[in-house]
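Structure below is my_file31.csv: CSV, C-alpha atoms.
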chain,number,residue,atom,x,y,z
A,1,MET,CA,30.5,31.0,-49.8
A,2,ASN,CA,27.4,32.6,-48.5
A,3,ARG,CA,26.0,29.2,-47.5
A,4,LYS,CA,29.2,28.5,-45.5
A,5,TRP,CA,28.8,31.7,-43.5
A,6,MET,CA,25.1,31.1,-43.0
A,7,PHE,CA,25.9,27.6,-41.6
A,8,LEU,CA,28.5,29.1,-39.3
A,9,PHE,CA,26.1,31.8,-38.1
A,10,LEU,CA,23.4,29.2,-37.3
A,11,MET,CA,25.9,27.1,-35.3
A,12,LEU,CA,27.1,30.1,-33.2
A,13,THR,CA,23.5,31.2,-32.6
A,14,GLY,CA,22.5,27.7,-31.4
A,15,LEU,CA,25.6,27.6,-29.1
A,16,ALA,CA,24.6,30.9,-27.6
A,17,LEU,CA,21.1,29.8,-26.8
A,18,THR,CA,22.2,26.5,-25.2
A,19,SER,CA,21.7,26.6,-21.5
A,20,GLY,CA,24.5,25.8,-19.1
A,21,CYS,CA,24.6,24.1,-15.6
A,22,TRP,CA,23.1,27.0,-13.8
A,23,SER,CA,21.7,24.8,-11.0
A,24,LYS,CA,24.4,22.2,-10.5
A,25,LYS,CA,24.6,20.3,-7.3
A,26,GLU,CA,27.8,18.6,-6.2
A,27,LEU,CA,27.3,15.1,-4.9
A,28,THR,CA,29.5,15.9,-1.9
A,29,ASP,CA,27.0,18.7,-1.0
A,30,ILE,CA,23.7,16.7,-1.0
A,31,ALA,CA,22.3,14.0,1.2
A,32,LEU,CA,20.0,11.5,-0.5
A,33,VAL,CA,16.8,11.0,1.6
A,34,SER,CA,15.3,7.6,1.1
A,35,ALA,CA,12.6,7.7,3.7
A,36,LEU,CA,10.9,10.1,6.1
A,37,GLY,CA,9.1,9.2,9.3
A,38,ILE,CA,6.7,11.7,11.0
A,39,ASP,CA,5.7,11.6,14.6
A,40,LYS,CA,4.6,14.2,17.2
A,41,ASN,CA,6.3,14.8,20.6
A,42,GLU,CA,4.7,15.7,23.9
A,43,GLU,CA,5.0,19.4,23.1
A,44,GLY,CA,2.8,18.9,20.0
A,45,ARG,CA,5.6,19.5,17.5
A,46,TYR,CA,6.3,17.4,14.4
A,47,VAL,CA,9.3,15.1,14.8
A,48,GLY,CA,10.8,14.0,11.5
A,49,THR,CA,13.1,11.0,11.3
A,50,ILE,CA,15.2,11.3,8.1
A,51,GLN,CA,16.7,8.2,6.5
A,52,LEU,CA,19.8,9.1,4.5
A,53,ILE,CA,21.7,6.8,2.2
A,54,ASN,CA,25.4,6.2,2.8
A,55,PRO,CA,26.5,5.7,-0.9
A,56,GLY,CA,29.9,4.1,0.0
A,57,ASN,CA,28.2,1.4,2.0
A,58,VAL,CA,25.7,0.6,-0.7
A,59,ALA,CA,28.2,0.4,-3.5
A,60,GLY,CA,28.7,-3.4,-2.9
A,61,GLY,CA,25.1,-4.0,-4.0
A,62,LEU,CA,21.6,-3.3,-2.7
A,63,GLN,CA,21.3,-6.9,-1.3
A,64,GLY,CA,22.3,-7.6,2.2
A,65,GLY,CA,25.1,-9.9,3.3
A,66,GLY,CA,28.8,-9.1,2.9
A,67,GLY,CA,29.9,-5.6,2.1
A,68,GLY,CA,31.2,-3.1,4.6
A,69,GLN,CA,30.8,-3.2,8.4
A,70,ALA,CA,29.0,0.2,8.5
A,71,PRO,CA,25.2,0.4,7.9
A,72,ALA,CA,23.9,1.5,4.5
A,73,ILE,CA,21.8,4.3,6.1
A,74,THR,CA,22.1,7.0,8.7
A,75,THR,CA,19.2,8.6,10.4
A,76,TYR,CA,18.7,12.1,11.9
A,77,SER,CA,15.8,13.6,13.8
A,78,SER,CA,14.5,17.1,14.0
A,79,ALA,CA,11.4,18.9,15.3
A,80,GLY,CA,9.3,21.8,14.1
A,81,ASP,CA,5.9,23.4,14.3
A,82,ASN,CA,5.2,22.3,10.7
A,83,ILE,CA,6.8,19.9,8.1
A,84,VAL,CA,8.8,22.7,6.4
A,85,GLU,CA,10.4,23.9,9.7
A,86,MET,CA,11.1,20.3,10.7
A,87,SER,CA,13.0,19.7,7.5
A,88,ARG,CA,14.9,23.0,7.6
A,89,ARG,CA,15.9,22.5,11.2
A,90,ALA,CA,17.7,19.3,10.3
A,91,SER,CA,20.3,21.5,8.6
A,92,THR,CA,21.7,22.2,12.0
A,93,LYS,CA,22.7,18.5,12.3
A,94,ILE,CA,23.5,17.5,8.7
A,95,SER,CA,26.5,18.8,6.8
A,96,ARG,CA,24.7,18.5,3.4
A,97,LYS,CA,21.6,19.7,1.8
A,98,LEU,CA,18.7,17.3,2.1
A,99,TYR,CA,17.7,16.0,-1.4
A,100,TYR,CA,14.2,14.7,-1.4
A,101,SER,CA,13.9,13.8,-5.1
A,102,HIS,CA,14.9,10.2,-4.3
A,103,THR,CA,12.5,9.9,-1.3
A,104,ASN,CA,10.2,7.0,-2.0
A,105,LEU,CA,8.7,6.3,1.4
A,106,VAL,CA,6.8,8.4,4.0
A,107,VAL,CA,5.8,6.8,7.3
A,108,ILE,CA,3.1,8.5,9.4
A,109,ASN,CA,2.5,7.8,13.1
A,110,GLU,CA,-0.8,6.1,13.9
A,111,GLU,CA,-1.7,8.4,16.8
A,112,LEU,CA,-0.9,11.5,14.7
A,113,ALA,CA,-3.1,10.2,11.9
A,114,LYS,CA,-5.9,9.6,14.4
A,115,GLU,CA,-5.8,12.9,16.2
A,116,GLU,CA,-4.7,15.4,13.6
A,117,GLY,CA,-5.1,13.6,10.3
A,118,ILE,CA,-2.9,13.5,7.2
A,119,ILE,CA,-4.3,16.5,5.3
A,120,LYS,CA,-1.7,19.1,6.4
A,121,ILE,CA,1.1,16.6,6.1
A,122,LEU,CA,0.3,15.7,2.5
A,123,ASP,CA,-0.2,19.3,1.6
A,124,ALA,CA,3.5,20.1,2.4
A,125,PHE,CA,4.7,17.2,0.2
A,126,ASP,CA,2.4,18.2,-2.6
A,127,ARG,CA,3.8,21.8,-2.6
A,128,ASP,CA,7.5,20.9,-2.5
A,129,PRO,CA,8.8,20.8,-6.1
A,130,GLU,CA,11.6,18.4,-5.1
A,131,PHE,CA,9.4,15.9,-3.4
A,132,ARG,CA,7.9,13.2,-5.7
A,133,THR,CA,4.2,12.6,-5.1
A,134,THR,CA,4.7,9.1,-6.4
A,135,ALA,CA,6.3,8.2,-3.1
A,136,THR,CA,4.6,5.5,-1.1
A,137,ILE,CA,2.9,6.4,2.2
A,138,VAL,CA,2.3,3.9,5.0
A,139,ILE,CA,1.0,4.2,8.6
A,140,ALA,CA,3.1,3.0,11.5
A,141,HIS,CA,0.7,0.6,13.4
A,142,ASP,CA,1.3,0.2,17.1
A,143,THR,CA,4.7,1.7,16.8
A,144,LYS,CA,6.5,5.0,16.1
A,145,ALA,CA,7.3,6.0,12.6
A,146,ALA,CA,10.9,6.7,13.8
A,147,ASP,CA,11.3,3.0,14.8
A,148,ILE,CA,10.3,1.8,11.3
A,149,VAL,CA,12.7,4.3,9.6
A,150,LYS,CA,15.6,3.5,11.9
A,151,THR,CA,15.3,-0.3,11.8
A,152,LEU,CA,18.1,-2.0,9.8
A,153,THR,CA,16.9,-4.8,7.5
A,154,GLY,CA,18.7,-8.0,6.6
A,155,VAL,CA,18.0,-8.7,2.9
A,156,ASP,CA,17.7,-5.2,1.6
A,157,LYS,CA,20.4,-2.8,2.8
A,158,ILE,CA,18.1,0.2,2.5
A,159,PRO,CA,15.1,-0.1,4.9
A,160,ALA,CA,12.9,2.1,2.7
A,161,ASN,CA,13.4,-0.4,-0.2
A,162,LYS,CA,12.5,-3.3,2.1
A,163,VAL,CA,9.2,-1.7,3.1
A,164,ILE,CA,8.2,-0.8,-0.5
A,165,LYS,CA,9.2,-4.2,-1.9
A,166,THR,CA,7.4,-6.0,0.9
A,167,LEU,CA,4.3,-4.0,0.1
A,168,LYS,CA,4.7,-4.7,-3.6
A,169,PHE,CA,5.0,-8.5,-3.2
A,170,THR,CA,2.4,-8.9,-0.5
A,171,GLU,CA,0.0,-7.0,-2.7
A,172,GLN,CA,0.8,-9.5,-5.5
A,173,ARG,CA,0.7,-12.7,-3.5
A,174,TRP,CA,-1.5,-12.2,-0.4
A,175,GLY,CA,-4.1,-9.6,-1.3
A,176,GLU,CA,-4.7,-8.0,2.1
A,177,HIS,CA,-2.5,-4.9,1.5
A,178,MET,CA,-2.1,-2.4,-1.3
A,179,GLU,CA,0.4,0.3,-2.3
A,180,VAL,CA,-0.8,3.9,-2.0
A,181,SER,CA,1.2,6.9,-3.2
A,182,ILE,CA,0.9,10.5,-2.0
A,183,GLN,CA,-0.9,11.6,-5.1
A,184,GLU,CA,-3.4,8.7,-4.7
A,185,GLY,CA,-4.0,9.7,-1.1
A,186,ILE,CA,-4.6,13.3,-2.0
A,187,LYS,CA,-7.0,12.3,-4.8
A,188,ASP,CA,-9.1,10.3,-2.3
A,189,LEU,CA,-9.0,13.1,0.3
A,190,VAL,CA,-10.4,15.7,-2.1
A,191,SER,CA,-13.0,13.3,-3.6
A,192,PRO,CA,-16.4,13.7,-1.9
A,193,GLY,CA,-17.3,10.1,-2.8
A,194,LYS,CA,-14.1,8.3,-1.7
A,195,GLU,CA,-12.1,8.1,1.5
A,196,PRO,CA,-8.4,7.0,1.7
A,197,VAL,CA,-7.3,3.5,2.8
A,198,ILE,CA,-3.6,3.1,3.5
A,199,THR,CA,-1.5,0.0,4.4
A,200,GLY,CA,0.0,-0.2,7.9
A,201,PHE,CA,3.4,-1.5,8.9
A,202,ARG,CA,4.5,-2.5,12.4
A,203,MET,CA,7.8,-3.1,14.1
A,204,THR,CA,8.3,-6.6,15.6
A,205,GLY,CA,10.8,-7.3,18.3
A,206,ASN,CA,12.9,-4.8,20.2
A,207,ALA,CA,13.0,-1.4,18.5
A,208,GLU,CA,16.4,-0.4,20.1
A,209,GLN,CA,18.0,-3.7,19.0
A,210,GLY,CA,16.7,-3.2,15.5
A,211,LYS,CA,18.8,0.0,15.1
A,212,LYS,CA,22.0,-1.9,15.7
A,213,LEU,CA,24.2,-3.5,13.1
A,214,GLU,CA,24.1,-6.8,15.0
A,215,ASN,CA,20.4,-7.1,14.0
A,216,ILE,CA,21.4,-8.0,10.5
A,217,GLN,CA,24.6,-9.9,11.3
A,218,GLN,CA,22.7,-13.1,12.2
A,219,SER,CA,20.7,-15.6,10.2
A,220,ALA,CA,17.5,-15.2,12.4
A,221,VAL,CA,16.5,-11.6,12.3
A,222,GLU,CA,14.3,-11.0,15.4
A,223,GLU,CA,13.7,-7.3,14.9
A,224,ASN,CA,11.8,-6.8,11.6
A,225,ILE,CA,9.3,-4.6,9.8
A,226,GLN,CA,6.1,-6.3,8.4
A,227,ALA,CA,2.9,-5.2,6.7
A,228,ASP,CA,0.0,-5.1,9.1
A,229,GLY,CA,-3.6,-4.3,8.1
A,230,LEU,CA,-5.3,-1.4,6.3
A,231,ALA,CA,-5.9,2.0,7.9
A,232,VAL,CA,-9.3,3.4,7.2
A,233,PHE,CA,-9.8,7.1,7.1
A,234,LYS,CA,-12.7,9.6,7.3
A,235,ASN,CA,-12.3,13.3,6.7
A,236,GLY,CA,-8.6,12.8,6.6
A,237,LYS,CA,-8.4,11.1,10.0
A,238,LEU,CA,-7.7,7.4,10.8
A,239,VAL,CA,-10.8,5.8,12.3
A,240,ASP,CA,-10.3,2.1,12.1
A,241,TRP,CA,-8.0,-0.8,11.1
A,242,PHE,CA,-9.2,-3.7,8.9
A,243,GLN,CA,-7.3,-7.0,9.2
A,244,GLY,CA,-7.4,-10.4,7.6
A,245,GLU,CA,-10.4,-11.3,5.4
A,246,THR,CA,-12.1,-8.0,6.1
A,247,ALA,CA,-9.1,-6.2,4.6
A,248,ARG,CA,-9.2,-8.5,1.7
A,249,GLY,CA,-12.8,-7.7,1.2
A,250,VAL,CA,-11.7,-4.1,0.6
A,251,THR,CA,-9.2,-5.0,-2.0
A,252,TRP,CA,-11.8,-7.2,-3.8
A,253,ILE,CA,-14.1,-4.2,-4.1
A,254,LEU,CA,-11.3,-1.8,-5.1
A,255,ASP,CA,-10.1,-4.3,-7.8
A,256,LYS,CA,-6.7,-4.5,-6.2
A,257,ILE,CA,-6.4,-8.3,-5.9
A,258,LYS,CA,-3.4,-9.4,-8.0
A,259,GLY,CA,-3.1,-12.8,-6.3
A,260,THR,CA,-4.3,-14.4,-3.1
A,261,ASP,CA,-5.1,-17.7,-1.4
A,262,ILE,CA,-8.7,-18.7,-0.3
A,263,ASN,CA,-9.2,-21.7,2.0
A,264,ILE,CA,-12.6,-23.4,2.0
A,265,SER,CA,-14.0,-26.2,4.1
A,266,TRP,CA,-15.0,-29.5,2.4
A,267,GLU,CA,-17.0,-32.5,3.7
A,268,GLY,CA,-16.7,-31.3,7.3
A,269,GLU,CA,-12.9,-30.6,7.1
A,270,GLN,CA,-12.0,-27.0,7.9
A,271,GLU,CA,-9.8,-25.2,5.3
A,272,ALA,CA,-9.5,-28.4,3.3
A,273,ILE,CA,-9.0,-26.9,-0.1
A,274,ALA,CA,-6.6,-24.0,-1.1
A,275,TYR,CA,-7.6,-21.9,-4.1
A,276,GLN,CA,-5.0,-19.7,-5.6
A,277,VAL,CA,-6.4,-16.6,-7.4
A,278,ILE,CA,-4.4,-15.8,-10.5
A,279,ARG,CA,-6.5,-13.0,-11.9
A,280,GLN,CA,-9.7,-11.1,-11.1
A,281,LYS,CA,-11.8,-8.2,-12.2
A,282,THR,CA,-14.2,-6.2,-10.2
A,283,LYS,CA,-16.8,-3.8,-11.6
A,284,VAL,CA,-18.8,-1.4,-9.4
A,285,SER,CA,-21.8,0.3,-10.7
A,286,ALA,CA,-24.6,2.4,-9.2
A,287,ASN,CA,-28.2,3.3,-10.1
A,288,MET,CA,-31.0,5.3,-8.4
A,289,LYS,CA,-34.1,3.3,-7.4
A,290,ASN,CA,-37.1,5.1,-5.7
A,291,GLY,CA,-34.8,8.0,-4.9
A,292,GLN,CA,-32.2,5.8,-3.2
A,293,PRO,CA,-28.9,4.8,-4.5
A,294,LYS,CA,-28.1,1.1,-5.0
A,295,ILE,CA,-24.7,-0.4,-5.7
A,296,SER,CA,-24.0,-3.5,-7.8
A,297,ILE,CA,-20.6,-5.3,-7.4
A,298,HIS,CA,-19.6,-8.0,-9.8
A,299,VAL,CA,-16.4,-10.0,-9.2
A,300,HIS,CA,-14.9,-12.3,-11.8
A,301,ALA,CA,-12.2,-14.5,-10.3
A,302,GLU,CA,-10.0,-17.2,-11.9
A,303,GLY,CA,-7.6,-19.5,-10.1
A,304,ASP,CA,-6.0,-22.9,-9.6
A,305,ILE,CA,-6.3,-25.6,-6.9
A,306,GLY,CA,-3.2,-25.2,-4.9
A,307,GLU,CA,-3.6,-27.8,-2.2
A,308,VAL,CA,-6.1,-30.5,-1.2
A,309,MET,CA,-6.3,-31.9,2.4
A,310,VAL,CA,-9.2,-34.4,1.8
A,311,PRO,CA,-9.9,-37.1,-0.7
A,312,VAL,CA,-11.7,-35.5,-3.6
A,313,ASP,CA,-12.1,-36.3,-7.3
A,314,LEU,CA,-11.1,-33.2,-9.2
A,315,THR,CA,-11.9,-34.8,-12.5
A,316,ALA,CA,-15.6,-34.8,-11.8
A,317,PRO,CA,-17.3,-31.7,-13.2
A,318,SER,CA,-19.9,-31.7,-10.4
A,319,VAL,CA,-17.2,-31.6,-7.8
A,320,LEU,CA,-15.5,-28.6,-9.5
A,321,PHE,CA,-18.8,-26.9,-9.8
A,322,ASN,CA,-19.5,-27.3,-6.1
A,323,ILE,CA,-16.1,-26.0,-5.2
A,324,GLU,CA,-16.6,-22.9,-7.3
A,325,LYS,CA,-19.9,-22.2,-5.7
A,326,THR,CA,-18.3,-22.5,-2.2
A,327,LEU,CA,-15.6,-20.1,-3.3
A,328,GLU,CA,-18.2,-17.6,-4.5
A,329,LYS,CA,-19.9,-17.7,-1.1
A,330,GLU,CA,-16.6,-17.1,0.7
A,331,ILE,CA,-15.7,-14.1,-1.5
A,332,GLN,CA,-19.2,-12.7,-1.1
A,333,LYS,CA,-18.8,-13.1,2.7
A,334,GLU,CA,-15.5,-11.2,2.8
A,335,ILE,CA,-16.9,-8.3,0.6
A,336,ASN,CA,-20.1,-8.0,2.7
A,337,GLU,CA,-18.1,-8.0,6.0
A,338,ALA,CA,-15.9,-5.2,4.6
A,339,ILE,CA,-19.0,-3.1,3.5
A,340,GLN,CA,-20.7,-3.5,6.8
A,341,ARG,CA,-17.6,-2.6,8.8
A,342,ALA,CA,-17.1,0.5,6.6
A,343,GLN,CA,-20.7,1.5,7.0
A,344,LYS,CA,-20.4,1.3,10.7
A,345,ASN,CA,-17.4,3.7,10.5
A,346,GLN,CA,-19.5,5.9,8.1
A,347,SER,CA,-16.5,6.0,5.7
A,348,ASP,CA,-16.9,5.3,2.0
A,349,ILE,CA,-13.5,3.8,1.3
A,350,PHE,CA,-14.8,2.0,-1.8
A,351,GLY,CA,-15.7,4.9,-4.0
A,352,PHE,CA,-19.4,4.1,-4.0
A,353,GLY,CA,-20.1,7.8,-4.0
A,354,GLU,CA,-18.0,8.2,-7.2
A,355,ALA,CA,-20.0,5.5,-8.8
A,356,VAL,CA,-23.3,7.3,-8.0
A,357,HIS,CA,-21.8,10.5,-9.4
A,358,ARG,CA,-20.9,8.8,-12.6
A,359,SER,CA,-24.3,7.3,-13.1
A,360,ASP,CA,-26.5,10.2,-12.0
A,361,PRO,CA,-24.7,13.6,-11.5
A,362,LYS,CA,-27.9,15.4,-10.6
A,363,ALA,CA,-28.8,12.9,-7.9
A,364,TRP,CA,-25.2,13.1,-6.5
A,365,LYS,CA,-25.5,16.9,-6.0
A,366,LYS,CA,-28.3,16.2,-3.5
A,367,LEU,CA,-26.5,13.3,-1.8
A,368,LYS,CA,-22.9,14.3,-1.6
A,369,GLN,CA,-23.3,16.7,1.4
A,370,ASP,CA,-24.4,14.0,3.8
A,371,TRP,CA,-23.1,11.0,1.9
A,372,ASN,CA,-20.8,9.5,4.6
A,373,ASN,CA,-23.0,10.1,7.6
A,374,VAL,CA,-26.5,9.5,6.2
A,375,HIS,CA,-26.7,7.8,2.8
A,376,PHE,CA,-23.6,5.5,2.8
A,377,PRO,CA,-24.4,3.7,6.1
A,378,LYS,CA,-27.8,2.5,4.8
A,379,LEU,CA,-26.7,1.8,1.3
A,380,LYS,CA,-27.8,-1.5,-0.3
A,381,ALA,CA,-25.1,-3.4,-2.2
A,382,ASP,CA,-25.8,-6.3,-4.5
A,383,VAL,CA,-22.7,-8.6,-4.7
A,384,THR,CA,-22.3,-11.1,-7.5
A,385,VAL,CA,-19.3,-13.4,-7.7
A,386,GLU,CA,-18.2,-15.7,-10.4
A,387,ALA,CA,-15.3,-18.0,-9.5
A,388,PHE,CA,-13.7,-20.4,-11.9
A,389,ILE,CA,-11.2,-23.2,-11.5
A,390,ARG,CA,-8.8,-23.2,-14.4
A,391,ARG,CA,-6.2,-25.8,-13.3
A,392,THR,CA,-5.9,-28.4,-10.6
A,393,GLY,CA,-2.2,-28.7,-10.6
A,394,LEU,CA,-0.1,-31.7,-11.7
A,395,ARG,CA,-2.5,-34.2,-10.0
A,396,ASN,CA,-6.3,-34.5,-10.3
A,397,LYS,CA,-6.9,-37.0,-7.6
A,398,PRO,CA,-4.9,-36.8,-4.3
A,399,TYR,CA,-2.4,-39.6,-3.9
A,400,PHE,CA,-3.5,-40.3,-0.3
A,401,SER,CA,-6.9,-41.3,-1.7
A,402,ASN,CA,-5.3,-44.6,-2.9
A,403,MET,CA,-3.5,-45.0,0.4
A,404,GLU,CA,-6.7,-44.8,2.4
A,405,SER,CA,-8.5,-47.2,0.1
A,406,ASN,CA,-5.8,-49.8,0.6
A,407,GLN,CA,-6.0,-49.7,4.4
Show how you would write the structure in this file as structure tokens.
Amino acid sequence: MNRKWMFLFLMLTGLALTSGCWSKKELTDIALVSALGIDKNEEGRYVGTIQLINPGNVAGGLQGGGGGQAPAITTYSSAGDNIVEMSRRASTKISRKLYYSHTNLVVINEELAKEEGIIKILDAFDRDPEFRTTATIVIAHDTKAADIVKTLTGVDKIPANKVIKTLKFTEQRWGEHMEVSIQEGIKDLVSPGKEPVITGFRMTGNAEQGKKLENIQQSAVEENIQADGLAVFKNGKLVDWFQGETARGVTWILDKIKGTDINISWEGEQEAIAYQVIRQKTKVSANMKNGQPKISIHVHAEGDIGEVMVPVDLTAPSVLFNIEKTLEKEIQKEINEAIQRAQKNQSDIFGFGEAVHRSDPKAWKKLKQDWNNVHFPKLKADVTVEAFIRRTGLRNKPYFSNMESNQ
């Protein structure tokens, strides 16, 4: 009998200690923010463009095509002297409480990033308990952040998802861009041996037309959002843009290449052979020599032959060896160009300072104060590349080799 009462007592005690829904939020009282664009107006105030999800118009699926006639998102703009005021002032226009826990994209205006920097902006997001620091940040290149947030997209109903997925897949396939979160940006900002580098996005076509539903009701979408270059920072401010092979040189050093295509010349023919990188590994190390830091970069790349535009016998080991050596020189060139450009900007975006710190903490204490302005610009980097061809596709010898020999 005593055991029965003891069991009942424990059940009642556990029930009393169980917490209830003390902070419940009704779905009809919150507005899900998917993206936030930040610009500055002529008065010097922050202008935030808030992208809200219309749940009823997304219910038919996240993919575009079909569904309702109304857009899947609604945007509002508000201004303030700081990020917090800008967000709270939006309550005068929106009938629901802004809910930032699902915000996965922050777009920052290029001019704002140049003139004022991103330190204060990221500080506001880092302090907000609702805002996820895993959200992706991008820079609006040659366009307003508001235009990117307001543009309707054809395949993905929610424009924020379109930007993030574009960034994800171009990072995997093309190699000139990379995804950077708020917490990664803050980490680079506070590190004395590493500066941030953030992918840019630009608006193509007519910005006003991109806001209309007609933009996605046609097969050829003229107004679109696309990845465009890497924004290079120094002391929290944007100082330069890296494009093309120079941008890829950055991702090589940062070990961010997940896949890319390298075209090389062969027997006088420009871009005659396409090499598809399938995996790579970059190791960066540092050592002190005669009181000066020296950086060693070792790149190991593996890939396949994706296309051949000239007659070449890929069964010959000597031919494959020469192709590999040509590839190694091309990768070295891209890396050296990126280093020289960064040294010109006096911005260590590669984390060479962190490598020096790891190898020799005592020496780093003397170097870190003037690292970007004095030591990094004259730093010597030894670049070693190993490129390997793993497969040549379903054909070793191009079929047009036989066609030319028969003529």
In Å, with one decimal, what is the gap from CA of Asn57 in chain A to CA of Met86 in chain A?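 Computed distance, CA of Asn57 in chain A to CA of Met86 in chain A, equals 26.9 Å.
Distances from A:Ala381, A:Leu122, A:Ile323, A:Leu314 to Glu184 in chain A were compared using only C-alpha atoms, and the smallest one belongs to A:Leu122.
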Mind checking which residues fall within 8 Å of Gly249 in chain A, counting only C-alpha atoms, ignoring those fewer than 5 positions away in the same chain, and posting them as a list in words? Ile331, Glu334, Ile335, Asn336, Glu337 and Ala338 of chain A
Serialized selection, C-alpha atoms, as a compact mmCIF listing (two decimals), in the frame of the given file:
# COMPACT_ATOMS: atom_id res chain seq x y z
CA ILE A 331 -15.70 -14.10 -1.50
CA GLU A 334 -15.50 -11.20 2.80
CA ILE A 335 -16.90 -8.30 0.60
CA ASN A 336 -20.10 -8.00 2.70
CA GLU A 337 -18.10 -8.00 6.00
CA ALA A 338 -15.90 -5.20 4.60
For range 144-147 of chain A, please output as a ChimeraX atom specification all residues within 8 Å (counting only C-alpha atoms; exclusion window: fewer than 2 positions along the same chain).
/A:37-39,48-49,107-110,139-142,149-151,203,207
Distance query Gly306 in chain A at most 7 Å, all atoms listed in the file, self and fewer than 2 positions along chain excluded, as JSON, numbers by chain = {"A": [274, 275, 276, 304, 393]}
- Message: List as a PyMOL selection string the protein and nucleic acid residues near range 350-367 of chain A, meaning an atom at most 6 Å away when only C-alpha atoms are counted, but skip any in the same chain fewer than 5 places from it.
- Response: chain A and resi 193-194+285-286
Save the residues we just selected, C-alpha atoms, as a compact mmCIF listing (two decimals), keeping the file's coordinate frame?
# COMPACT_ATOMS: atom_id res chain seq x y z
CA GLY A 193 -17.30 10.10 -2.80
CA LYS A 194 -14.10 8.30 -1.70
CA SER A 285 -21.80 0.30 -10.70
CA ALA A 286 -24.60 2.40 -9.20
task: Please check which residues have atoms at most 6 Å from (-21.8, -11.7, -1.6) in the file's coordinates, counting only C-alpha atoms, and write them as an MDAnalysis selection string.
output: chainID A and resid 332:333 336 383:384
Practice prompt. Find the residues with any atom within 12 Å of (-11.5, -33.9, -14.4); use all atoms listed in the file and the coordinates as given in the file, and write the answer as a list of chain:residue names.
Written response: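 So the residues meeting the distance criterion are A:Val312, A:Asp313, A:Leu314, A:Thr315, A:Ala316, A:Pro317, A:Ser318, A:Val319, A:Leu320, A:Phe321, A:Ile389, A:Arg390, A:Arg391, A:Thr392, A:Gly393, A:Leu394, A:Arg395, A:Asn396, A:Lys397.
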Restricting the output to C-alpha atoms, write the selected residues as a tab-separated table (two decimals), in the coordinates of the input.
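Here's the written file again.tsv:
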chain	number	residue	atom	x	y	z
A	312	VAL	CA	-11.70	-35.50	-3.60
A	313	ASP	CA	-12.10	-36.30	-7.30
A	314	LEU	CA	-11.10	-33.20	-9.20
A	315	THR	CA	-11.90	-34.80	-12.50
A	316	ALA	CA	-15.60	-34.80	-11.80
A	317	PRO	CA	-17.30	-31.70	-13.20
A	318	SER	CA	-19.90	-31.70	-10.40
A	319	VAL	CA	-17.20	-31.60	-7.80
A	320	LEU	CA	-15.50	-28.60	-9.50
A	321	PHE	CA	-18.80	-26.90	-9.80
A	389	ILE	CA	-11.20	-23.20	-11.50
A	390	ARG	CA	-8.80	-23.20	-14.40
A	391	ARG	CA	-6.20	-25.80	-13.30
A	392	THR	CA	-5.90	-28.40	-10.60
A	393	GLY	CA	-2.20	-28.70	-10.60
A	394	LEU	CA	-0.10	-31.70	-11.70
A	395	ARG	CA	-2.50	-34.20	-10.00
A	396	ASN	CA	-6.30	-34.50	-10.30
A	397	LYS	CA	-6.90	-37.00	-7.60
Find the nearest atom pair between each residue of range 25-122 of chain A and range 220-244 of chain A for residues within 8 Å, count only C-alpha atoms, give distances in Å to one decimal, sort rows by chain and ascending number, and present the table as a Markdown table.
| residue | atom | partner | partner_atom | distance |
| --- | --- | --- | --- | --- |
| A:Glu110 | CA | A:Leu238 | CA | 7.7 |
| A:Ala113 | CA | A:Leu238 | CA | 5.5 |
| A:Lys114 | CA | A:Leu238 | CA | 4.6 |
| A:Glu115 | CA | A:Lys237 | CA | 7.0 |
| A:Glu116 | CA | A:Lys237 | CA | 6.7 |
| A:Gly117 | CA | A:Lys237 | CA | 4.2 |
| A:Ile118 | CA | A:Gly236 | CA | 5.8 |
| A:Ile119 | CA | A:Gly236 | CA | 5.8 |
Give me a file of those residues, with C-alpha atoms, as a tab-separated table (two decimals), in the frame of the given file.
chain	number	residue	atom	x	y	z
A	110	GLU	CA	-0.80	6.10	13.90
A	113	ALA	CA	-3.10	10.20	11.90
A	114	LYS	CA	-5.90	9.60	14.40
A	115	GLU	CA	-5.80	12.90	16.20
A	116	GLU	CA	-4.70	15.40	13.60
A	117	GLY	CA	-5.10	13.60	10.30
A	118	ILE	CA	-2.90	13.50	7.20
A	119	ILE	CA	-4.30	16.50	5.30
Subject >> Which residue of A:Val84, A:Met178, A:Val58, A:Leu327 approaches Thr166 in chain A most closely, using all atoms listed in the file >> reply: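 Looking at the shortest contact to Thr166 in chain A, the residue is A:Met178.
Using all atoms listed in the file, the nearest neighbour of Asn372 in chain A within the list A:Ile253, A:Ala342, A:Leu152, A:Ala387 is A:Ala342.
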Between A:Arg89, A:His102, A:Lys289, A:Lys368, smallest distance to Leu52 in chain A by all atoms listed in the file belongs to A:His102
Nearest to Ile339 in chain A among A:Asp261, A:Arg248, A:Gly291, A:Asn322, with distances taken over all atoms listed in the file: which residue is it?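 Checking each candidate against Ile339 in chain A, we get A:Arg248 as the closest.
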Just checking: using only C-alpha atoms, which residue out of A:Asp382, A:Glu245, A:Ile257, A:Lys93 ends up closest to Thr170 in chain A?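 Smallest distance to Thr170 in chain A is found for A:Ile257.
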Exercise. What does the distance from CA of Ile137 in chain A to CA of His298 in chain A come to in Å, to one decimal?
Worked result: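 According to the coordinates, CA of Ile137 in chain A and CA of His298 in chain A are separated by 29.3 Å.
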task: Kindly give the distance, in Å, that separates CA of Tyr100 in chain A and CA of Val33 in chain A, rounded to a single decimal.
output: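 Between these atoms lies a distance of 5.4 Å.
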